[in-house]
Amino acid sequence: MSKWHISRRRMLKGLGACIALPFLQAMVPPGKSIYTMPKKPLRFAFLYVPNGVHPDMWTPAQTGRNFELSPILQPLTKVKDDILVLNELTNKYSNFPGADGHYAKTANILTSLPIYKTTGDNLDSGGISLDQIIAKHKGQETVFDSLQYGLEQISPGIDTNVGFTRLYGCNISWKTPSMPCSKEIEPRMAFDRLFRSVLPNTKPKNDPWKQSVLDIVKEDTDALQRKLGRSDQDKLEEYLESIRSVEKRIDNEEQIKAFKHQITPELQKELVHLNMRIEEAEMYLGTDITEKTRQMLDIMALAFWSDATRVSTFMFGNSVSNRNFSFLEGVHGSHHQISHHQNNLDVLEQYKRINQWHVGQYAYLLERLKSFPEGEGNVLDNCMIMYSSELRDGNRHSPYNLPVVVGGKGGGMLKTGQNLQFEKNTPLSNLYLSMMRILDIPLECFADSTGELSEIYA
Amino acid sequence: MLKKVRGAWLFFLCISLSAYAAEPESEALKDLRLLVEKHCVSCHKESKMEGGVQLDGIDSEGRITRAGHLWMKALKQVQAGEMPPQSEPPMSMDDQARFIKSINEILAKALKEGAGNPGRVVARRLSHDEYRYSVLSLTGVDFDAKAYFPADGSGGAGFDNFARTMFLTPLKMERYYEAAETILDKAYSDKKVWRQLVPNPYKESWWQAFVNWFLRLFSDYSSSDKAVTEAEKVIVPFASKAYRRFLKPEEKEPLLDLFRKVYEGTEDETRYDIALKETFKTVLLSPKFLYRIEDEQPLGQPFALSNFELANRLSYFLWSTLPDQELFEVAYRENLHNPAVLNKQVKRMLRDPKAKRFSESFATQWFGISKLKDNSPVDPERYPEFTPSLRKAMYQEMVEYFHHVLTSSHNFLDLIDSDYTFLNEELAKHYGIAGVEGEQMRKVPLQDRTRGGVLGMGSVLTATSLPIRTSPVLRGKWVLEEILGTPAPPPPPDAGQLPEQEAAAENASIRDLLVLHRSKPDCMSCHKKMDPVGFGLENFDAVGRWRTSYGDQPIVAWDTLPSGEIFRGPAELKKILLTKEENFARVLAEKMFTYSIGRSVEFIDEPYMKGLVDNLLENDFHTEKFIIELVNSYPFRYKVNDGTDKFKSITKK
């Protein structure tokens with residue numbers, strides 16, 4: 001038991017929050033071990049919506065604390081005090097000559113740098129994406145450093161018309177500027193990867209030779225690399241990196257123990273329930289997209305609650321997604337098509353309804369997180385769940401004044417319940433920089449950032 | 001370590017760039033720059049990039065060469081008088097001549113310098129299809145890799161076997177591991193399959209076990225020696241097949257060591273099989289299986305691929321899997337670089353049923369219908385008749401048709417126009433063709449020329465439509481890109497599209513709505529190229545059925561192409577497209593070059609591209625002759641060192 005104790009917050013204050021602080025044993029309150037201490041990790045998620053929003057129905061009329069939700073934001077009523085609506089943020093480098101269409105605005109939504117125009121050679125997203133930077137700093141304490149989810153398979157082919165590979169429109173998480181993270185789109189697989197081992201009545205998988213197998217293929221790779229040219233070496237480096245992260249999953253006994261410790265009876269009940277829902281959907285529902293979306297978001301929410309990860313991204317669709325939304329009342333047609341509404345009132349109405357559906361799913365996620373108790377509050381209190389699109393108005397492919405909401409109190413660091421108006425063309429990266437500050441990742445700047453958004457701090 | 005190397009290259013780059021700056025500029029470059037500044041850059045500069053084209057900032061010939069294809073296009077357009085456009089001051093005859101001459105000079109020089117460079121492709125990970133078929137060849141287990149692994153993107157000419165857009169992320173690695181387990185469990189659970197893999201099962205008799213125990217008491221006798229000897233007979237051929245070459249002695253040892261370790265560490269009477277499974281798993285996870293690796297040779301000049309490497313390129317090109325016994329033997333005993341040997345193999349491989357994998361992979365990706373395999377892009381309420389079985393039949397029509405063209409009709413022009421197609425009962429009914437019964441796809445002769453060829457296929461017509469209506473623009477765009485190879489430039493940012501419901505209304509004439517939007521000057525220049533082609537296909541609805549009217553308005557499927565030809569209906573449109581066979585040859589050559597080699601066509605490949613295009617034009621688009629030309633080509637059989645490549649491109653800047 002520690003003989004003396006200092007609070008982490010006090011220590012931070014004393015240091016003026018100028019350095020990222022390692023978690024010290026001395027900060028564990030007396031009488032508690034590192035596992036039993038009610039620690040409240042901060043989580044970050046980014047939800048990407050393709051094809052922009054109805055430009056006149058998004059922004060609430062009033063600014064500040066007393067604002068009324070706009071028509072599109074209506075579904076957020078129950079969590080209105082937990083969100084920040086941020087206006088006039090722009091991703092500057094999504095707009096460069098030749099950045100026609102959606103791709104150049106999607107791939108870099110979390111890197112805030114210009115992408116390289118290519119149909120496949122020299123893929124470059126400009127930089128490592130925000131979520132992956134956070135994963136590097138904060139992901140080491142959890143079983144998964146980050147999770148990438150979506151609903152649509154990577155679109156095949158290249159877009160000859162604008163000269164980009166469609167790959168750019170299907171990835172927002174970039175491990176390196178030239179390598180996107182793979183995203184999972186099937187609830188079954190995503191669930192099993194995280195939770196299969198902690199469901200009741202499942203036998204742990206016995207695989208005593210895994211490490212020996214991995215050792216051999218690692219040696220294989222080393223031997224090969226020495227004989228190959230540079231770019232081949234890079235490809236194999238990618239392979240080695242992946243092997244190492246699989247190994248980490250075996251070695252990380254501490255993380256796994258911590259994770260299993262998090263699986264309380266309440267959480268397990270949720271897991272069992274979700275597992276059943278996924279099973280049912282596979283058998284009966286076919287492709288009810290609302291249910292599938294919610295399953296994916298539930299997995300994300302439970303991953304946060306169980307501290308399986310603290311970083312995640314989710315793509316409602318690939319950019320230019322032409323998902324058929326005729327299942328919504330009053331909507332006849334597909335997403336991308338309707339987003340080019342040409343200011344036709346009837347089409348705009350349909351566009352609005354599609355936007356509302358997306359915000360509705362976002363609201364579902366926030367409400368779920370809010371329903372999970374944690375410490376004296378709930379999980380949402382310790383989250384920053386960002387929601388945005390690559391465009392404002394899909395009709396004009398306008399990248400200015402992006403639709404941005406942040407949900408969650410950021411561990412008490414965010415002053416939520418506000419609609420904030422920034423100066424025109426404020427860099428989106430200023431928000432990223434501010435979130436990094438809250439996450440305790442000291443950076444002087446992020447891409448084109450010019451400062452932090454002090455208005456959002458509590 | 002790698003970073004340091006990268007840093008060194010960067011340093012080197014700077015040195016060589018500054019060294020280059022000292023060289024005097026050629027007259028051609030100076031001339032060209034003056035002309036470009038005078039006539040082009042007001043629109044095509046970095047800050048404006050009209051039509052996505054940038055022509056300013058040409059500070060070296062290398063810069064022009066690297067964008068060689070763009071400059072060739074510029075040259076053609078100036079030659080044809082299409083550029084500068086009518087709204088800008090025209091080029092004088094003298095300027096035009098000098099413009100053409102200087103580009104020609106610079107590009108010709110670059111081609112001369114680049115001659116004999118076969119290019120190089122980075123180590124290619126197996127695509128998901130290739131993984132599936134390789135596993136099938138190797139273990140006899142059919143594993144649905146596409147459903148199990150996170151999807152890859154496409155690159156180059158739009159194929160998913162493009163080296164630079166295939167990655168190995170941690171998630172994929174996890175899946176590879178689990179896949180290997182699943183595959184081997186499946187193989188083990190099926191006695192017949194396992195017997196194929198392990199023909200001589202080894203089992204300790206109880207007497208042997210007793211003797212071993214006894215011997216161990218008195219010495220360090222290892223009881224597993226005999227098992228290892230037996231296992232070696234299985235492991236070595238398995239690994240050789242998986243790595244697609246002979247196993248090296250230093251590669252054998254770790255595998256046998258693992259086998260021994262597992263064998264000795266397992267208390268189970270099936271331990272021989274368990275140990276083999278772990279060893280096979282290791283092979284399935286090895287980079288030597290997952291990547292197609294070609295050895296680097298310490299030479300300063302291009303070098304021929306080894307026989308095995310060439311066999312691999314061939315086998316993954318035509319079969320999407322590893323070489324079979326015969327190809328492996330030929331690679332071992334004969335010289336595959338000998339055209340007679342190579343051609344014999346190509347002919348044999350095209351006749352093999354496995355070649356259908358190439359037809360499927362290549363055709364469905366080229367014509368953009370691969371998404372139809374698993375998903376319906378169609379609104380189910382509007383088109384309830386578009387059932388999963390119909391969708392599958394459409395997909396299969398393309399595969400069967402392409403394969404027939406490849407192996408029977410031997411004429412790629414059949415892809416544009418023919419008097420047959422492949423149907424089953426459901427699809428035939430959908431097309432309104434009588435007399436086809438049963439689920440089986442078969443070749444059906446057609447009465448007229450509206451359907452035959454990819455333009456009349458339900459798959460293509462559906463994939464180029466919107467969920468509830470047709471889109472002449474999308475169809476026209478598709479023909480320009482995939483058949484003619486002349487994509488239109490991107491639309492201006494606020495061009496907008498047609499409102500869905502009005503256009504989908506039963507009696508709405510899309511033509512009227514589009515004509516309206518074509519009247520905008522911004523849109524006209526491109527839409528006059530796309531729309532007429534699309535209108536020519538308006539007789540096919542959004543799921544590819546024949547129709548003659550929108551509600552009560554008759555369909556007018558005639559139009560004039562910008563080049564002046566007039567046509568009425570799809571049959572006449574196809575006839576016109578057939579006259580543009582040079583365009584089609586070029587598209588075909590580029591697509592297949594990229595698919596088979598795994599890298600983009602670069603400007604220095606032009607001489608080879610010309611060879612391929614000429615081959616098509618001279619041999620009536622003969623399929624086999626073309627493929628033989630391709631696999632005999634220098635870029636297919638040779639490659640150049642990474643280091644040399646870097647060095648060259650850097651000094652050329």
# chains A, B, ... in the order shown; residues from 1 in each chain; ligands from 1

call {"tool": "interface_residues", "arguments": {"of": "chain A", "to": "chain B", "cutoff": "7 Å", "atoms": "only C-alpha atoms", "output": "VMD selection string"}}
result
chain A and resid 97 to 98 100 119 to 121 153 to 158 160 to 162 165 167 179 181 to 184 213 216 to 217 221 227 to 232 235 238 to 239 242 to 243 245 to 246 324 332 to 334 338 340 to 342 347 395 to 397

call {"tool": "write_last_selection", "arguments": {"atoms": "C-alpha atoms", "output": "PDB file, in the first residue's frame"}}
result
ATOM      1  CA  PRO A  97      -6.834  22.737 -57.347  1.00  0.00           C
ATOM      2  CA  GLY A  98      -7.551  19.270 -58.639  1.00  0.00           C
ATOM      3  CA  ASP A 100     -12.475  17.707 -57.377  1.00  0.00           C
ATOM      4  CA  THR A 119      -5.072   6.297 -58.868  1.00  0.00           C
ATOM      5  CA  GLY A 120      -2.891   4.100 -56.694  1.00  0.00           C
ATOM      6  CA  ASP A 121       0.822   4.765 -57.027  1.00  0.00           C
ATOM      7  CA  GLN A 153     -16.877  -2.380 -48.040  1.00  0.00           C
ATOM      8  CA  ILE A 154     -14.146  -0.395 -49.723  1.00  0.00           C
ATOM      9  CA  SER A 155     -15.588   0.676 -53.071  1.00  0.00           C
ATOM     10  CA  PRO A 156     -13.842  -1.115 -55.900  1.00  0.00           C
ATOM     11  CA  GLY A 157     -12.145   0.627 -58.764  1.00  0.00           C
ATOM     12  CA  ILE A 158     -10.744   4.025 -59.455  1.00  0.00           C
ATOM     13  CA  THR A 160     -11.080   8.012 -63.754  1.00  0.00           C
ATOM     14  CA  ASN A 161     -13.198  11.111 -63.917  1.00  0.00           C
ATOM     15  CA  VAL A 162     -11.411  12.935 -61.100  1.00  0.00           C
ATOM     16  CA  THR A 165      -8.491   5.745 -56.413  1.00  0.00           C
ATOM     17  CA  LEU A 167      -9.628   3.906 -51.668  1.00  0.00           C
ATOM     18  CA  MET A 179      -1.185   3.065 -45.215  1.00  0.00           C
ATOM     19  CA  CYS A 181      -6.152   1.062 -41.342  1.00  0.00           C
ATOM     20  CA  SER A 182      -8.557  -1.741 -42.281  1.00  0.00           C
ATOM     21  CA  LYS A 183     -12.072  -1.231 -41.110  1.00  0.00           C
ATOM     22  CA  GLU A 184     -14.546  -3.832 -39.954  1.00  0.00           C
ATOM     23  CA  VAL A 213       4.735 -20.012 -35.163  1.00  0.00           C
ATOM     24  CA  ILE A 216       9.474 -18.493 -37.402  1.00  0.00           C
ATOM     25  CA  VAL A 217       7.649 -16.205 -39.780  1.00  0.00           C
ATOM     26  CA  THR A 221      10.871 -11.954 -42.879  1.00  0.00           C
ATOM     27  CA  LYS A 227      18.005  -9.472 -49.793  1.00  0.00           C
ATOM     28  CA  LEU A 228      15.369  -7.119 -51.165  1.00  0.00           C
ATOM     29  CA  GLY A 229      15.183  -3.609 -52.513  1.00  0.00           C
ATOM     30  CA  ARG A 230      13.896  -0.652 -50.593  1.00  0.00           C
ATOM     31  CA  SER A 231      10.246  -0.667 -51.539  1.00  0.00           C
ATOM     32  CA  ASP A 232       9.974  -4.419 -51.033  1.00  0.00           C
ATOM     33  CA  LYS A 235       6.196  -3.876 -47.730  1.00  0.00           C
ATOM     34  CA  GLU A 238       4.369  -3.549 -42.892  1.00  0.00           C
ATOM     35  CA  TYR A 239       4.090  -7.303 -42.456  1.00  0.00           C
ATOM     36  CA  SER A 242       1.340  -6.446 -38.138  1.00  0.00           C
ATOM     37  CA  ILE A 243       2.941  -9.564 -36.690  1.00  0.00           C
ATOM     38  CA  SER A 245       0.735  -6.236 -33.016  1.00  0.00           C
ATOM     39  CA  VAL A 246      -0.671  -9.755 -33.099  1.00  0.00           C
ATOM     40  CA  ASN A 324     -30.533   3.641 -51.059  1.00  0.00           C
ATOM     41  CA  HIS A 332     -37.087   8.116 -52.751  1.00  0.00           C
ATOM     42  CA  GLY A 333     -33.579   7.556 -53.874  1.00  0.00           C
ATOM     43  CA  SER A 334     -30.017   7.246 -52.853  1.00  0.00           C
ATOM     44  CA  ILE A 338     -30.113  13.269 -53.274  1.00  0.00           C
ATOM     45  CA  HIS A 340     -27.057  16.912 -55.310  1.00  0.00           C
ATOM     46  CA  HIS A 341     -30.439  18.487 -54.667  1.00  0.00           C
ATOM     47  CA  GLN A 342     -30.022  21.489 -56.998  1.00  0.00           C
ATOM     48  CA  VAL A 347     -35.255  16.929 -52.746  1.00  0.00           C
ATOM     49  CA  ASN A 395     -24.782  19.892 -53.878  1.00  0.00           C
ATOM     50  CA  ARG A 396     -21.902  22.303 -54.221  1.00  0.00           C
ATOM     51  CA  HIS A 397     -19.210  20.087 -52.729  1.00  0.00           C
TER      52      HIS A 397
END

call {"tool": "residues_around", "arguments": {"residues": "Leu537 of chain B", "least_positions_apart": "3", "cutoff": "7 Å", "atoms": "only C-alpha atoms", "output": "list in words"}}
result
Gly534, Phe540, Ala557, Gly569 and Pro570 of chain B

call {"tool": "select_by_dssp", "arguments": {"residues": "segment 116-166 of chain A", "states": "strand (DSSP E)", "output": "count of residues only"}}
result
8

call {"tool": "atom_distance", "arguments": {"atom1": "atom CA of Asp131 of chain A", "atom2": "atom CA of Ser173 of chain A"}}
result
6.7 Å

call {"tool": "residues_around", "arguments": {"residues": "segment 105-113 of chain A", "least_positions_apart": "4", "cutoff": "7 Å", "atoms": "only C-alpha atoms", "output": "JSON, numbers by chain"}}
result
{"A": [91, 93, 94, 125, 126, 127, 128, 129, 130, 168, 169, 171, 172, 319, 390, 429, 447, 448]}

call {"tool": "write_last_selection", "arguments": {"atoms": "C-alpha atoms", "output": "PDB file, in the first residue's frame"}}
result
ATOM      1  CA  ASN A  91     -10.566  21.760 -43.396  1.00  0.00           C
ATOM      2  CA  TYR A  93      -6.336  21.520 -47.320  1.00  0.00           C
ATOM      3  CA  SER A  94      -9.349  19.615 -48.506  1.00  0.00           C
ATOM      4  CA  SER A 125      -3.023  11.038 -47.067  1.00  0.00           C
ATOM      5  CA  GLY A 126      -0.833  13.965 -46.109  1.00  0.00           C
ATOM      6  CA  GLY A 127      -0.111  12.693 -42.645  1.00  0.00           C
ATOM      7  CA  ILE A 128      -0.995  10.301 -39.856  1.00  0.00           C
ATOM      8  CA  SER A 129      -4.612  10.756 -38.893  1.00  0.00           C
ATOM      9  CA  LEU A 130      -5.616  12.281 -35.576  1.00  0.00           C
ATOM     10  CA  TYR A 168      -9.270   7.542 -50.634  1.00  0.00           C
ATOM     11  CA  GLY A 169     -12.991   7.856 -50.121  1.00  0.00           C
ATOM     12  CA  ASN A 171     -10.546   5.479 -45.328  1.00  0.00           C
ATOM     13  CA  ILE A 172     -10.231   8.188 -42.725  1.00  0.00           C
ATOM     14  CA  SER A 319     -17.679   9.057 -49.564  1.00  0.00           C
ATOM     15  CA  GLU A 390     -16.308  16.034 -45.593  1.00  0.00           C
ATOM     16  CA  SER A 429      -7.372  21.383 -36.896  1.00  0.00           C
ATOM     17  CA  ALA A 447      -1.338  20.543 -39.604  1.00  0.00           C
ATOM     18  CA  ASP A 448      -2.691  24.017 -40.419  1.00  0.00           C
TER      19      ASP A 448
END

call {"tool": "residues_around", "arguments": {"residues": "Val41 of chain B", "least_positions_apart": "3", "cutoff": "7 Å", "atoms": "only C-alpha atoms", "output": "list in words"}}
result
Val36, Glu37, His44, Lys45, Leu55 and Asp56 of chain B

call {"tool": "write_last_selection", "arguments": {"atoms": "N, CA and C atoms", "output": "CSV table (one decimal), in the first residue's frame"}}
result
chain,number,residue,atom,x,y,z
B,36,VAL,N,3.8,27.5,-73.7
B,36,VAL,CA,2.9,27.1,-72.7
B,36,VAL,C,2.5,28.4,-71.8
B,37,GLU,N,3.4,29.2,-71.5
B,37,GLU,CA,3.1,30.4,-70.8
B,37,GLU,C,2.2,31.3,-71.6
B,44,HIS,N,-4.5,26.6,-67.1
B,44,HIS,CA,-3.9,25.3,-66.6
B,44,HIS,C,-2.7,25.6,-65.7
B,45,LYS,N,-2.9,26.5,-64.7
B,45,LYS,CA,-1.8,26.8,-63.7
B,45,LYS,C,-2.2,26.1,-62.4
B,55,LEU,N,-0.2,22.7,-66.3
B,55,LEU,CA,0.9,22.7,-67.3
B,55,LEU,C,2.0,23.7,-66.9
B,56,ASP,N,1.9,24.5,-65.9
B,56,ASP,CA,2.9,25.4,-65.6
B,56,ASP,C,4.1,24.8,-64.8

call {"tool": "atom_distance", "arguments": {"atom1": "atom CA of Leu369 of chain A", "atom2": "atom CA of Phe195 of chain A"}}
result
17.6 Å

call {"tool": "residues_around", "arguments": {"residues": "Ala363 of chain B", "least_positions_apart": "2", "cutoff": "12 Å", "atoms": "only C-alpha atoms", "output": "PyMOL selection string"}}
result
chain B and resi 158-159+356-361+365-370+395-406+412+415+454+459-460+482+588+591-592+595

call {"tool": "write_last_selection", "arguments": {"atoms": "C-alpha atoms", "output": "PDB file, in the first residue's frame"}}
result
ATOM      1  CA  GLY B 158      -8.891  -0.285 -61.193  1.00  0.00           C
ATOM      2  CA  PHE B 159      -7.941  -3.824 -60.181  1.00  0.00           C
ATOM      3  CA  LYS B 356     -12.122 -18.756 -65.966  1.00  0.00           C
ATOM      4  CA  ARG B 357     -10.891 -17.131 -62.771  1.00  0.00           C
ATOM      5  CA  PHE B 358      -9.020 -14.674 -64.911  1.00  0.00           C
ATOM      6  CA  SER B 359     -12.123 -14.034 -66.974  1.00  0.00           C
ATOM      7  CA  GLU B 360     -14.153 -13.358 -63.864  1.00  0.00           C
ATOM      8  CA  SER B 361     -11.634 -11.231 -62.050  1.00  0.00           C
ATOM      9  CA  GLN B 365     -13.489  -5.357 -62.482  1.00  0.00           C
ATOM     10  CA  TRP B 366     -12.819  -3.797 -65.849  1.00  0.00           C
ATOM     11  CA  PHE B 367     -16.492  -3.300 -66.580  1.00  0.00           C
ATOM     12  CA  GLY B 368     -17.261  -2.253 -63.022  1.00  0.00           C
ATOM     13  CA  ILE B 369     -19.756  -4.954 -62.129  1.00  0.00           C
ATOM     14  CA  SER B 370     -17.828  -6.775 -59.394  1.00  0.00           C
ATOM     15  CA  TYR B 395     -22.977 -11.339 -63.147  1.00  0.00           C
ATOM     16  CA  GLN B 396     -22.468 -14.800 -64.570  1.00  0.00           C
ATOM     17  CA  GLU B 397     -23.474 -13.678 -68.057  1.00  0.00           C
ATOM     18  CA  MET B 398     -20.477 -11.366 -68.089  1.00  0.00           C
ATOM     19  CA  VAL B 399     -18.114 -14.051 -66.819  1.00  0.00           C
ATOM     20  CA  GLU B 400     -19.289 -16.704 -69.284  1.00  0.00           C
ATOM     21  CA  TYR B 401     -19.336 -14.266 -72.152  1.00  0.00           C
ATOM     22  CA  PHE B 402     -15.852 -12.963 -71.529  1.00  0.00           C
ATOM     23  CA  HIS B 403     -14.531 -16.451 -71.118  1.00  0.00           C
ATOM     24  CA  HIS B 404     -16.120 -17.496 -74.384  1.00  0.00           C
ATOM     25  CA  VAL B 405     -14.522 -14.519 -76.129  1.00  0.00           C
ATOM     26  CA  LEU B 406     -11.184 -15.355 -74.575  1.00  0.00           C
ATOM     27  CA  PHE B 412     -11.943  -9.159 -78.240  1.00  0.00           C
ATOM     28  CA  LEU B 415     -16.982  -7.506 -76.267  1.00  0.00           C
ATOM     29  CA  VAL B 454     -21.122  -5.781 -72.843  1.00  0.00           C
ATOM     30  CA  SER B 459     -25.020  -6.232 -65.312  1.00  0.00           C
ATOM     31  CA  VAL B 460     -23.430  -3.234 -66.997  1.00  0.00           C
ATOM     32  CA  GLU B 482     -14.066   1.796 -70.162  1.00  0.00           C
ATOM     33  CA  LEU B 588      -7.624  -3.210 -73.419  1.00  0.00           C
ATOM     34  CA  LYS B 591      -6.013  -2.793 -68.532  1.00  0.00           C
ATOM     35  CA  MET B 592      -4.367  -6.112 -69.141  1.00  0.00           C
ATOM     36  CA  TYR B 595      -3.657  -6.458 -64.287  1.00  0.00           C
TER      37      TYR B 595
END

call {"tool": "residues_around", "arguments": {"residues": "segment 408-413 of chain A", "least_positions_apart": "5", "cutoff": "12 Å", "atoms": "only C-alpha atoms", "output": "PyMOL selection string"}}
result
chain A and resi 9+39-45+79-85+362-363+365-370+374-387+418+434-440+454-458

call {"tool": "select_by_dssp", "arguments": {"residues": "segment 515-598 of chain B", "states": "helix (DSSP H, G or I)", "output": "PyMOL selection string"}}
result
chain B and resi 515-518+521-535+569-579+581-597

call {"tool": "closest_residue", "arguments": {"among": "B:Phe259, B:Tyr420, B:Arg292, B:Glu618", "to": "Ser212 of chain A", "atoms": "only C-alpha atoms"}}
result
B:Phe259

call {"tool": "residues_around", "arguments": {"residues": "segment 305-314 of chain A", "least_positions_apart": "6", "cutoff": "6 Å", "atoms": "only C-alpha atoms", "output": "ChimeraX atom specification"}}
result
/A:43-47,142-150,262

call {"tool": "write_last_selection", "arguments": {"atoms": "N, CA and C atoms", "output": "compact mmCIF listing (two decimals), in the first residue's frame"}}
result
# COMPACT_ATOMS: atom_id res chain seq x y z
N ARG A 43 -11.90 8.87 -23.75
CA ARG A 43 -12.04 8.19 -25.04
C ARG A 43 -12.30 9.19 -26.14
N PHE A 44 -11.81 8.83 -27.34
CA PHE A 44 -12.04 9.68 -28.51
C PHE A 44 -12.63 8.84 -29.64
N ALA A 45 -13.67 9.36 -30.26
CA ALA A 45 -14.20 8.69 -31.45
C ALA A 45 -14.56 9.73 -32.49
N PHE A 46 -14.49 9.31 -33.72
CA PHE A 46 -14.87 10.18 -34.83
C PHE A 46 -15.87 9.44 -35.71
N LEU A 47 -17.04 10.05 -35.90
CA LEU A 47 -18.05 9.45 -36.76
C LEU A 47 -18.13 10.25 -38.05
N THR A 142 -4.42 -0.27 -23.47
CA THR A 142 -5.60 -1.10 -23.67
C THR A 142 -5.29 -2.26 -24.61
N VAL A 143 -6.21 -3.22 -24.68
CA VAL A 143 -5.98 -4.39 -25.52
C VAL A 143 -5.86 -3.98 -26.99
N PHE A 144 -6.73 -3.08 -27.42
CA PHE A 144 -6.67 -2.59 -28.81
C PHE A 144 -6.29 -1.12 -28.78
N ASP A 145 -5.31 -0.75 -29.57
CA ASP A 145 -4.92 0.66 -29.52
C ASP A 145 -5.98 1.55 -30.18
N SER A 146 -6.70 0.97 -31.13
CA SER A 146 -7.80 1.72 -31.74
C SER A 146 -8.65 0.75 -32.55
N LEU A 147 -9.88 1.15 -32.86
CA LEU A 147 -10.77 0.30 -33.66
C LEU A 147 -11.35 1.13 -34.81
N GLN A 148 -11.39 0.52 -36.00
CA GLN A 148 -11.96 1.21 -37.15
C GLN A 148 -13.18 0.45 -37.65
N TYR A 149 -14.31 1.12 -37.62
CA TYR A 149 -15.54 0.49 -38.03
C TYR A 149 -16.18 1.24 -39.19
N GLY A 150 -17.08 0.55 -39.87
CA GLY A 150 -17.80 1.18 -40.97
C GLY A 150 -18.98 0.32 -41.34
N GLN A 262 -12.63 -5.37 -16.10
CA GLN A 262 -13.68 -4.39 -16.41
C GLN A 262 -15.03 -5.05 -16.71

call {"tool": "decode", "arguments": {"residues": "segment 603-614 of chain B", "atoms": "C-alpha atoms", "output": "short mmCIF file (atom, residue, chain, number, x, y, z; two decimals), in the first residue's frame"}}
result
data_model
loop_
_atom_site.label_atom_id
_atom_site.label_comp_id
_atom_site.auth_asym_id
_atom_site.auth_seq_id
_atom_site.Cartn_x
_atom_site.Cartn_y
_atom_site.Cartn_z
CA PHE B 603 5.34 6.90 -70.09
CA ILE B 604 8.51 4.89 -70.68
CA ASP B 605 6.27 1.87 -71.35
CA GLU B 606 4.93 3.52 -74.51
CA PRO B 607 6.98 1.40 -76.92
CA TYR B 608 5.55 -1.75 -75.32
CA MET B 609 2.06 -0.32 -75.32
CA LYS B 610 2.43 0.39 -79.00
CA GLY B 611 3.49 -3.20 -79.55
CA LEU B 612 0.40 -4.45 -77.75
CA VAL B 613 -1.99 -2.12 -79.56
CA ASP B 614 -0.48 -2.99 -82.93
#
